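Novice: What follows is target_1.txt, made up of compact mmCIF, C-alpha atoms (C1' of nucleotides):
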```txt
# COMPACT_ATOMS: atom_id res chain seq x y z
CA MET A 261 89.86 212.34 -3.55
CA LEU A 262 89.33 214.44 -6.64
CA ASP A 263 86.10 216.30 -7.32
CA ALA A 264 84.22 215.45 -10.53
CA ASP A 265 83.40 219.16 -10.97
CA LEU A 266 87.08 219.69 -11.75
CA LEU A 267 86.65 217.55 -14.86
CA ALA A 268 83.23 218.84 -15.92
CA GLY A 269 84.61 221.75 -17.94
CA PRO A 270 85.56 221.78 -21.62
CA ALA A 271 88.28 219.27 -22.51
CA GLU A 272 90.78 221.95 -23.52
CA GLN A 273 90.43 223.55 -20.07
CA VAL A 274 90.60 220.27 -18.16
CA ALA A 275 93.64 218.92 -20.03
CA PRO A 276 96.33 221.13 -18.41
CA LEU A 277 94.87 220.37 -14.97
CA LEU A 278 95.57 216.67 -15.47
CA LEU A 279 99.32 217.26 -15.80
CA GLY A 280 101.03 216.21 -12.58
CA MET A 281 98.11 214.03 -11.50
CA VAL A 282 98.67 210.32 -10.97
CA LEU A 283 96.81 207.44 -12.61
CA ARG A 284 97.07 204.30 -10.52
CA HIS A 285 96.15 200.68 -11.27
CA GLY A 286 96.97 198.60 -8.22
CA GLU A 287 100.67 198.84 -7.47
CA VAL A 288 101.63 200.68 -10.66
CA ALA A 289 101.23 204.46 -10.76
CA VAL A 290 102.03 206.96 -13.51
CA GLU A 291 102.43 210.71 -13.09
CA LEU A 292 101.00 212.38 -16.19
CA THR A 293 103.36 214.52 -18.27
CA GLU A 294 101.48 214.85 -21.59
CA VAL A 295 97.80 214.88 -22.57
CA GLU A 296 95.61 215.91 -25.51
CA ALA A 297 92.10 217.40 -25.44
CA TYR A 298 89.32 216.02 -27.66
CA ALA A 299 86.21 218.16 -27.57
CA GLY A 300 83.53 215.83 -28.89
CA PRO A 301 80.95 217.54 -31.13
CA ARG A 302 83.10 220.69 -31.43
CA ASP A 303 86.15 218.76 -32.63
CA PRO A 304 86.42 216.94 -35.98
CA ALA A 305 89.42 214.98 -34.67
CA SER A 306 87.39 213.47 -31.80
CA HIS A 307 86.03 209.95 -31.99
CA ALA A 308 82.77 211.41 -30.69
CA PHE A 309 82.42 214.05 -33.44
CA ARG A 310 79.84 212.02 -35.39
CA GLY A 311 77.74 211.08 -32.39
CA PRO A 312 77.61 208.08 -30.10
CA THR A 313 78.62 204.56 -31.20
CA PRO A 314 79.20 201.38 -29.19
CA ARG A 315 82.89 202.22 -29.11
CA ASN A 316 82.71 205.82 -27.89
CA ASP A 317 79.57 205.87 -25.72
CA VAL A 318 81.60 206.19 -22.50
CA MET A 319 82.64 209.67 -23.62
CA PHE A 320 79.01 210.80 -23.56
CA GLY A 321 78.66 209.81 -19.91
CA PRO A 322 79.70 211.58 -16.71
CA PRO A 323 83.21 213.06 -16.31
CA GLY A 324 85.95 211.15 -14.55
CA HIS A 325 85.30 207.81 -16.23
CA LEU A 326 87.81 205.87 -18.32
CA TYR A 327 87.38 205.83 -22.12
CA LEU A 328 89.58 203.17 -23.70
CA TYR A 329 89.93 202.44 -27.39
CA PHE A 330 91.95 199.97 -29.40
CA SER A 331 94.31 201.51 -31.93
CA TYR A 332 96.49 200.42 -34.85
CA GLY A 333 95.88 196.76 -34.27
CA MET A 334 98.01 196.47 -31.13
CA HIS A 335 97.50 199.22 -28.60
CA TRP A 336 94.98 200.48 -26.11
CA ALA A 337 94.80 204.19 -25.40
CA ALA A 338 93.27 205.76 -22.28
CA ASN A 339 91.20 208.92 -21.91
CA VAL A 340 89.70 210.69 -18.92
CA VAL A 341 86.15 211.67 -19.85
CA CYS A 342 85.49 215.39 -19.38
CA GLY A 343 82.61 217.78 -19.81
CA PRO A 344 79.18 217.52 -18.23
CA ASP A 345 77.20 214.27 -18.33
CA GLY A 346 75.53 214.01 -21.74
CA THR A 347 78.19 216.02 -23.58
CA ALA A 348 81.07 214.11 -25.16
CA GLY A 349 84.65 215.09 -24.39
CA GLY A 350 87.85 213.56 -23.18
CA CYS A 351 91.56 213.93 -22.60
CA LEU A 352 93.93 211.37 -24.11
CA LEU A 353 96.69 210.37 -21.71
CA ARG A 354 99.75 210.42 -23.95
CA SER A 355 102.69 210.04 -21.61
CA GLY A 356 103.82 209.83 -18.03
CA GLN A 357 106.53 208.85 -15.60
CA VAL A 358 106.19 205.60 -13.68
CA VAL A 359 106.38 206.64 -10.02
CA ASP A 360 105.35 203.37 -8.36
CA GLY A 361 105.49 199.68 -9.29
CA ALA A 362 108.34 200.14 -11.79
CA ASP A 363 109.35 196.46 -11.68
CA LEU A 364 105.88 195.28 -12.67
CA ALA A 365 105.64 197.98 -15.33
CA ARG A 366 109.02 197.03 -16.78
CA GLY A 367 107.91 193.40 -17.00
CA ARG A 368 104.76 194.37 -18.89
CA ARG A 369 106.87 196.56 -21.17
CA HIS A 370 109.28 193.75 -21.94
CA GLY A 371 112.28 195.40 -20.25
CA ALA A 372 112.01 198.77 -21.97
CA PRO A 373 114.31 201.56 -20.71
CA GLU A 374 112.92 203.54 -17.77
CA ARG A 375 112.21 206.64 -19.84
CA ASP A 376 110.08 204.66 -22.32
CA LEU A 377 107.96 202.74 -19.80
CA ALA A 378 104.96 205.04 -20.24
CA ARG A 379 106.06 207.46 -22.97
CA GLY A 380 103.34 207.19 -25.64
CA PRO A 381 99.62 206.35 -25.32
CA GLY A 382 100.01 202.63 -26.08
CA ARG A 383 103.02 202.30 -23.81
CA LEU A 384 101.24 204.07 -20.95
CA THR A 385 98.30 201.66 -20.99
CA GLN A 386 100.65 198.70 -21.34
CA ALA A 387 102.73 199.79 -18.33
CA LEU A 388 99.58 200.21 -16.26
CA GLY A 389 98.06 196.95 -17.49
CA LEU A 390 94.89 198.63 -18.78
CA ALA A 391 92.77 196.89 -21.43
CA ARG A 392 89.16 196.34 -22.46
CA GLU A 393 88.01 195.06 -19.07
CA HIS A 394 88.69 198.53 -17.59
CA ARG A 395 86.43 200.33 -20.06
CA GLY A 396 84.13 202.87 -18.43
CA LEU A 397 85.47 202.60 -14.87
CA ASP A 398 84.88 205.56 -12.58
CA LEU A 399 88.38 206.89 -11.86
CA LEU A 400 87.17 209.03 -8.97
CA ALA A 401 85.62 206.12 -7.06
CA ASP A 402 87.54 203.93 -4.65
CA GLY A 403 88.42 201.20 -7.19
CA VAL A 404 91.60 199.50 -8.40
CA VAL A 405 92.01 202.08 -11.17
CA ARG A 406 91.87 205.67 -9.98
CA LEU A 407 93.03 209.19 -10.66
CA GLU A 408 94.80 210.81 -7.72
CA PRO A 409 96.08 214.33 -7.04
CA GLY A 410 99.78 214.55 -7.80
CA PRO A 411 102.62 215.57 -5.50
CA VAL A 412 102.93 218.96 -7.19
CA ARG A 413 100.35 221.64 -6.41
CA ALA A 414 98.18 222.92 -9.25
CA GLY A 415 99.66 226.01 -10.84
CA GLU A 416 103.25 225.03 -10.08
CA ILE A 417 103.73 223.18 -13.35
CA GLU A 418 104.87 225.08 -16.42
CA VAL A 419 102.74 223.86 -19.32
CA LEU A 420 103.56 224.07 -23.02
CA THR A 421 101.04 223.53 -25.83
CA GLY A 422 101.14 222.51 -29.48
CA PRO A 423 99.26 220.59 -32.17
CA ARG A 424 98.04 217.07 -31.46
CA VAL A 425 99.93 214.03 -32.67
CA GLY A 426 98.72 211.98 -35.61
CA VAL A 427 95.37 213.66 -36.28
CA SER A 428 94.40 214.22 -39.90
CA SER A 429 91.73 216.88 -39.22
CA ALA A 430 92.12 219.96 -37.02
CA ALA A 431 95.84 219.20 -37.30
CA ASP A 432 96.86 222.73 -36.29
CA VAL A 433 94.65 223.13 -33.21
CA PRO A 434 97.07 223.42 -30.24
CA TRP A 435 95.30 221.03 -27.88
CA ARG A 436 98.31 218.97 -26.86
CA PHE A 437 99.60 219.92 -23.40
CA TRP A 438 102.83 218.81 -21.75
CA VAL A 439 105.09 219.58 -18.79
CA ALA A 440 107.84 221.97 -19.86
CA GLY A 441 111.26 220.34 -19.90
CA SER A 442 110.04 216.84 -19.04
CA ARG A 443 111.94 213.91 -20.53
CA TYR A 444 108.75 211.85 -20.30
CA VAL A 445 107.03 213.41 -23.32
CA SER A 446 106.51 211.67 -26.66
CA ALA A 447 107.85 212.96 -29.97
CA TYR A 448 105.57 215.11 -32.13
CA LYS A 449 104.56 213.52 -35.38
CA ARG A 450 102.13 215.08 -37.80
CA SER A 451 99.72 212.80 -39.59
CA PRO A 452 100.85 212.11 -43.18
CA ARG A 453 97.17 212.52 -44.13
CA ALA A 454 96.87 216.03 -42.66
CA PRO A 455 96.91 219.02 -45.01
CA ALA A 456 100.05 221.15 -45.12
CA PRO A 457 100.65 223.10 -41.88
CA GLU A 458 99.20 226.61 -41.57
CA ARG A 459 101.69 229.39 -41.66
C1' DC B 317 121.05 210.73 -32.47
C1' DA B 318 117.10 211.26 -36.61
C1' DC B 319 114.32 209.31 -39.74
C1' DT B 320 111.48 205.69 -42.25
C1' DA B 321 108.68 201.61 -43.35
C1' DG B 322 105.63 198.17 -42.19
C1' DA B 323 102.82 195.47 -38.98
C1' DT B 324 98.29 194.87 -37.25
C1' DG B 325 93.08 194.38 -36.14
C1' DC B 326 89.13 196.97 -34.49
C1' DT B 327 85.37 200.28 -35.90
C1' DC B 328 82.31 202.42 -38.78
C1' DT B 329 80.62 203.41 -43.63
C1' DG C 1386 87.11 197.97 -47.36
C1' DA C 1387 89.16 202.26 -45.75
C1' DG C 1388 90.98 204.57 -42.09
C1' DC C 1389 93.23 205.04 -38.21
C1' DA C 1390 94.33 209.81 -31.35
C1' DT C 1391 100.78 203.99 -32.64
C1' DC C 1392 104.98 201.24 -31.95
C1' DT C 1393 109.15 198.89 -33.03
C1' DA C 1394 112.99 197.59 -35.56
C1' DG C 1395 115.68 198.84 -38.97
C1' DT C 1396 118.91 202.01 -41.39
C1' DG C 1397 122.36 205.71 -41.69
C1' DA C 1398 125.23 209.18 -39.42
```
Please express what this file holds, its structure, as structure tokens.
Specialist:
Amino acid sequence: MLDADLLAGPAEQVAPLLLGMVLRHGEVAVELTEVEAYAGPRDPASHAFRGPTPRNDVMFGPPGHLYLYFSYGMHWAANVVCGPDGTAGGCLLRSGQVVDGADLARGRRHGAPERDLARGPGRLTQALGLAREHRGLDLLADGVVRLEPGPVRAGEIEVLTGPRVGVSSAADVPWRFWVAGSRYVSAYKRSPRAPAPER
DNA sequence: CACTAGATGCTCT
DNA sequence: GAGCATCTAGTGA
């Protein structure tokens, strides 16, 4: 069982710790290979930057809960809430490797190739079967959806960082974290609305 | 393989 | 009504 204190720090510090952990929903489990940090009031790219709304209120609650949002008309994306209770913050789960329940995941993903089962935020939630009814669940409690320690010990994963995908503000802040050399990492794409890259 | 265009509907202003 | 923390299918090589 994971300790909530582990997730109570700033999102950009929690994010690399999530790599290698496993998110499980029933029989399907995904080992996380790529995440992004969103630091609430300190981060113009965060949904919580302008204060609480009905959509983002979960992010203002205690760490370790599941913030889900609906994106681009077709996809759900999952975040682990971080930071202390009362302060908004979260880590977007961008990609992972399906390590259990692959047959069920493949069915939900309409027969996608193994590498693409959970590569991308929308694909990851689809493979796990997460949607609006899972909003706000406590991932550290003993429920059907939970976050578990991974098979690899903390500190044994080589982590690379870079700018976040698809954000139009703070587009150069390197708060995307992924497992070095992993095939289960999504492609970087800069938002067409973002200003020209810094150099 | 790399790259592009368009679909799609919720959320907040 | 504008703006998305995206995906897929299509093209061309």
Novice: Determine which residues of chain C sit within 7 Å of chain A, taking into account only C-alpha atoms (C1' of nucleotides), and present them as a count of residues only.
Specialist: 3
Novice: Using all atoms listed in the file and a distance of at most 8 Å, pull out the residues of chain B that contact chain A, as a list in words.
Specialist: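 Output check: DT324, DG325, DC326 and DT327 of chain B.
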Novice: May I ask for the distance between CA of Ala372 (chain A) and CA of Leu292 (chain A), given in Å to one decimal place?
Specialist: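 Here the two named atoms are 18.4 Å from each other.
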Novice: Find the residues around DA1398 (chain C) up to 12 Å (only C-alpha atoms (C1' of nucleotides) counted), leave out those fewer than 2 positions away in its own chain, and share them as a list of chain:residue names.
Specialist: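 So, after excluding close chain neighbours, the residues are B:DC317, B:DA318, B:DC319, C:DT1396.
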Novice: Provide the CA of Arg302 (chain A) to CA of Pro322 (chain A) distance in Å, to one decimal place.
Specialist: 17.6 Å
Novice: How would you write as an mmCIF file with C-alpha atoms, in the frame of the given file the residues that get within 12 Å of (109.7, 198.3, -11.4) in the file's frame, counting only C-alpha atoms (C1' of nucleotides)?
Specialist:
```
data_model
loop_
_atom_site.group_PDB
_atom_site.id
_atom_site.type_symbol
_atom_site.label_atom_id
_atom_site.label_comp_id
_atom_site.auth_asym_id
_atom_site.auth_seq_id
_atom_site.Cartn_x
_atom_site.Cartn_y
_atom_site.Cartn_z
ATOM 1 C CA GLU A 287 100.670 198.840 -7.470
ATOM 2 C CA VAL A 288 101.630 200.680 -10.660
ATOM 3 C CA ALA A 289 101.230 204.460 -10.760
ATOM 4 C CA VAL A 290 102.030 206.960 -13.510
ATOM 5 C CA GLN A 357 106.530 208.850 -15.600
ATOM 6 C CA VAL A 358 106.190 205.600 -13.680
ATOM 7 C CA VAL A 359 106.380 206.640 -10.020
ATOM 8 C CA ASP A 360 105.350 203.370 -8.360
ATOM 9 C CA GLY A 361 105.490 199.680 -9.290
ATOM 10 C CA ALA A 362 108.340 200.140 -11.790
ATOM 11 C CA ASP A 363 109.350 196.460 -11.680
ATOM 12 C CA LEU A 364 105.880 195.280 -12.670
ATOM 13 C CA ALA A 365 105.640 197.980 -15.330
ATOM 14 C CA ARG A 366 109.020 197.030 -16.780
ATOM 15 C CA GLY A 367 107.910 193.400 -17.000
ATOM 16 C CA ARG A 368 104.760 194.370 -18.890
ATOM 17 C CA ARG A 369 106.870 196.560 -21.170
ATOM 18 C CA HIS A 370 109.280 193.750 -21.940
ATOM 19 C CA GLY A 371 112.280 195.400 -20.250
ATOM 20 C CA ALA A 372 112.010 198.770 -21.970
ATOM 21 C CA PRO A 373 114.310 201.560 -20.710
ATOM 22 C CA GLU A 374 112.920 203.540 -17.770
ATOM 23 C CA LEU A 377 107.960 202.740 -19.800
ATOM 24 C CA ALA A 387 102.730 199.790 -18.330
ATOM 25 C CA LEU A 388 99.580 200.210 -16.260
#
```
Novice: Enter the distance from CA of Gly410 (chain A) to CA of Gly349 (chain A), in Å, rounded to one decimal.
Specialist: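 Separation of CA of Gly410 (chain A) and CA of Gly349 (chain A): 22.5 Å.
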Novice: With a distance cut-off of 12 Å and all atoms listed in the file, select the neighbouring residues of Val404 (chain A), excluding the residue or stretch itself and same-chain residues fewer than 3 positions from it, and output the selection as a short mmCIF file (atom, residue, chain, number, x, y, z; two decimals) with C-alpha atoms, in the frame of the given file.
Specialist:
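Dumped everything to part_4.cif:
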```
data_model
loop_
_atom_site.label_atom_id
_atom_site.label_comp_id
_atom_site.auth_asym_id
_atom_site.auth_seq_id
_atom_site.Cartn_x
_atom_site.Cartn_y
_atom_site.Cartn_z
CA LEU A 283 96.81 207.44 -12.61
CA ARG A 284 97.07 204.30 -10.52
CA HIS A 285 96.15 200.68 -11.27
CA GLY A 286 96.97 198.60 -8.22
CA GLU A 287 100.67 198.84 -7.47
CA VAL A 288 101.63 200.68 -10.66
CA ALA A 289 101.23 204.46 -10.76
CA LEU A 388 99.58 200.21 -16.26
CA GLY A 389 98.06 196.95 -17.49
CA LEU A 390 94.89 198.63 -18.78
CA HIS A 394 88.69 198.53 -17.59
CA LEU A 397 85.47 202.60 -14.87
CA ASP A 398 84.88 205.56 -12.58
CA LEU A 399 88.38 206.89 -11.86
CA LEU A 400 87.17 209.03 -8.97
CA ALA A 401 85.62 206.12 -7.06
CA LEU A 407 93.03 209.19 -10.66
CA GLU A 408 94.80 210.81 -7.72
#
```
Novice: Please return, as a PyMOL selection string, all polymer residues that have at least one atom within 6 Å of the point (89.4, 206.7, -20.1); use only C-alpha atoms (C1' of nucleotides) and the file's own coordinate frame.
Specialist: chain A and resi 325-328+338-341
Novice: Box in all listed atoms of region 445-448 of chain A, axis-aligned, with 6 Å more on each side; write out centre and edge lengths in Å to one decimal as AutoDock Vina command-line options.
Specialist:
```
--center_x 106.7 --center_y 213.4 --center_z -27.7 --size_x 14.3 --size_y 15.4 --size_z 20.8
```
Novice: Name the residues in contact with DT329 (chain B) at a cut-off of 12 Å, using all atoms listed in the file, excluding same-chain residues fewer than 6 positions from it; report them as JSON, numbers by chain.
Specialist: {"A": [310], "C": [1386, 1387, 1388]}
Novice: Find the residues around Phe309 (chain A) up to 12 Å (only C-alpha atoms (C1' of nucleotides) counted), leave out those fewer than 4 positions away in its own chain, and share them as a list in words.
Specialist: Tyr298, Ala299, Gly300, Pro301, Arg302, Asp303, Pro304, Ala305, Thr313, Asn316, Asp317, Met319, Phe320, Thr347, Ala348, Gly349, Gly350, Ser429 and Ala430 of chain A
Novice: Give me, as number ranges by chain, all polymer residues having an atom no more than 8 Å from Pro409 (chain A), counting all atoms listed in the file and skipping those fewer than 2 positions away in the same chain.
Specialist: A: 261-262, 280-282, 407, 411
Novice: What would region 442-457 of chain A look like with N, CA, C and O atoms restored, written as a PDB file, in the frame of the given file?
Specialist:
```pdb
ATOM      1  N   SER A 442     110.085 218.243 -19.461  1.00  0.00           N
ATOM      2  CA  SER A 442     110.040 216.840 -19.040  1.00  0.00           C
ATOM      3  C   SER A 442     110.666 215.927 -20.087  1.00  0.00           C
ATOM      4  O   SER A 442     110.483 216.124 -21.284  1.00  0.00           O
ATOM      5  N   ARG A 443     111.399 214.922 -19.623  1.00  0.00           N
ATOM      6  CA  ARG A 443     111.940 213.910 -20.530  1.00  0.00           C
ATOM      7  C   ARG A 443     110.868 212.904 -20.904  1.00  0.00           C
ATOM      8  O   ARG A 443     111.027 212.140 -21.846  1.00  0.00           O
ATOM      9  N   TYR A 444     109.781 212.878 -20.103  1.00  0.00           N
ATOM     10  CA  TYR A 444     108.750 211.850 -20.300  1.00  0.00           C
ATOM     11  C   TYR A 444     107.639 212.382 -21.203  1.00  0.00           C
ATOM     12  O   TYR A 444     106.473 212.385 -20.833  1.00  0.00           O
ATOM     13  N   VAL A 445     108.000 212.858 -22.371  1.00  0.00           N
ATOM     14  CA  VAL A 445     107.030 213.410 -23.320  1.00  0.00           C
ATOM     15  C   VAL A 445     107.327 212.776 -24.669  1.00  0.00           C
ATOM     16  O   VAL A 445     108.490 212.643 -25.055  1.00  0.00           O
ATOM     17  N   SER A 446     106.276 212.372 -25.396  1.00  0.00           N
ATOM     18  CA  SER A 446     106.510 211.670 -26.660  1.00  0.00           C
ATOM     19  C   SER A 446     106.878 212.651 -27.772  1.00  0.00           C
ATOM     20  O   SER A 446     106.686 213.861 -27.647  1.00  0.00           O
ATOM     21  N   ALA A 447     107.414 212.125 -28.853  1.00  0.00           N
ATOM     22  CA  ALA A 447     107.850 212.960 -29.970  1.00  0.00           C
ATOM     23  C   ALA A 447     106.640 213.405 -30.787  1.00  0.00           C
ATOM     24  O   ALA A 447     105.688 212.648 -30.957  1.00  0.00           O
ATOM     25  N   TYR A 448     106.660 214.643 -31.281  1.00  0.00           N
ATOM     26  CA  TYR A 448     105.570 215.110 -32.130  1.00  0.00           C
ATOM     27  C   TYR A 448     105.696 214.502 -33.515  1.00  0.00           C
ATOM     28  O   TYR A 448     106.770 214.468 -34.115  1.00  0.00           O
ATOM     29  N   LYS A 449     104.580 213.992 -34.007  1.00  0.00           N
ATOM     30  CA  LYS A 449     104.560 213.520 -35.380  1.00  0.00           C
ATOM     31  C   LYS A 449     103.238 213.906 -36.019  1.00  0.00           C
ATOM     32  O   LYS A 449     102.169 213.552 -35.536  1.00  0.00           O
ATOM     33  N   ARG A 450     103.326 214.652 -37.100  1.00  0.00           N
ATOM     34  CA  ARG A 450     102.130 215.080 -37.800  1.00  0.00           C
ATOM     35  C   ARG A 450     101.611 213.925 -38.644  1.00  0.00           C
ATOM     36  O   ARG A 450     102.387 213.142 -39.194  1.00  0.00           O
ATOM     37  N   SER A 451     100.297 213.830 -38.750  1.00  0.00           N
ATOM     38  CA  SER A 451      99.720 212.800 -39.590  1.00  0.00           C
ATOM     39  C   SER A 451     100.108 213.012 -41.050  1.00  0.00           C
ATOM     40  O   SER A 451     100.045 214.134 -41.547  1.00  0.00           O
ATOM     41  N   PRO A 452     100.523 211.956 -41.757  1.00  0.00           N
ATOM     42  CA  PRO A 452     100.850 212.110 -43.180  1.00  0.00           C
ATOM     43  C   PRO A 452      99.594 212.446 -44.002  1.00  0.00           C
ATOM     44  O   PRO A 452      99.717 212.913 -45.132  1.00  0.00           O
ATOM     45  N   ARG A 453      98.416 212.229 -43.414  1.00  0.00           N
ATOM     46  CA  ARG A 453      97.170 212.520 -44.130  1.00  0.00           C
ATOM     47  C   ARG A 453      96.683 213.946 -43.905  1.00  0.00           C
ATOM     48  O   ARG A 453      95.760 214.396 -44.561  1.00  0.00           O
ATOM     49  N   ALA A 454      97.305 214.659 -42.957  1.00  0.00           N
ATOM     50  CA  ALA A 454      96.870 216.030 -42.660  1.00  0.00           C
ATOM     51  C   ALA A 454      97.299 216.962 -43.782  1.00  0.00           C
ATOM     52  O   ALA A 454      98.331 216.754 -44.413  1.00  0.00           O
ATOM     53  N   PRO A 455      96.494 218.015 -44.029  1.00  0.00           N
ATOM     54  CA  PRO A 455      96.910 219.020 -45.010  1.00  0.00           C
ATOM     55  C   PRO A 455      98.169 219.735 -44.547  1.00  0.00           C
ATOM     56  O   PRO A 455      98.544 219.652 -43.378  1.00  0.00           O
ATOM     57  N   ALA A 456      98.823 220.434 -45.452  1.00  0.00           N
ATOM     58  CA  ALA A 456     100.050 221.150 -45.120  1.00  0.00           C
ATOM     59  C   ALA A 456      99.802 222.091 -43.944  1.00  0.00           C
ATOM     60  O   ALA A 456      98.717 222.655 -43.826  1.00  0.00           O
ATOM     61  N   PRO A 457     100.817 222.254 -43.062  1.00  0.00           N
ATOM     62  CA  PRO A 457     100.650 223.100 -41.880  1.00  0.00           C
ATOM     63  C   PRO A 457     100.282 224.529 -42.249  1.00  0.00           C
ATOM     64  O   PRO A 457     100.721 225.035 -43.285  1.00  0.00           O
TER      65      PRO A 457
END
```
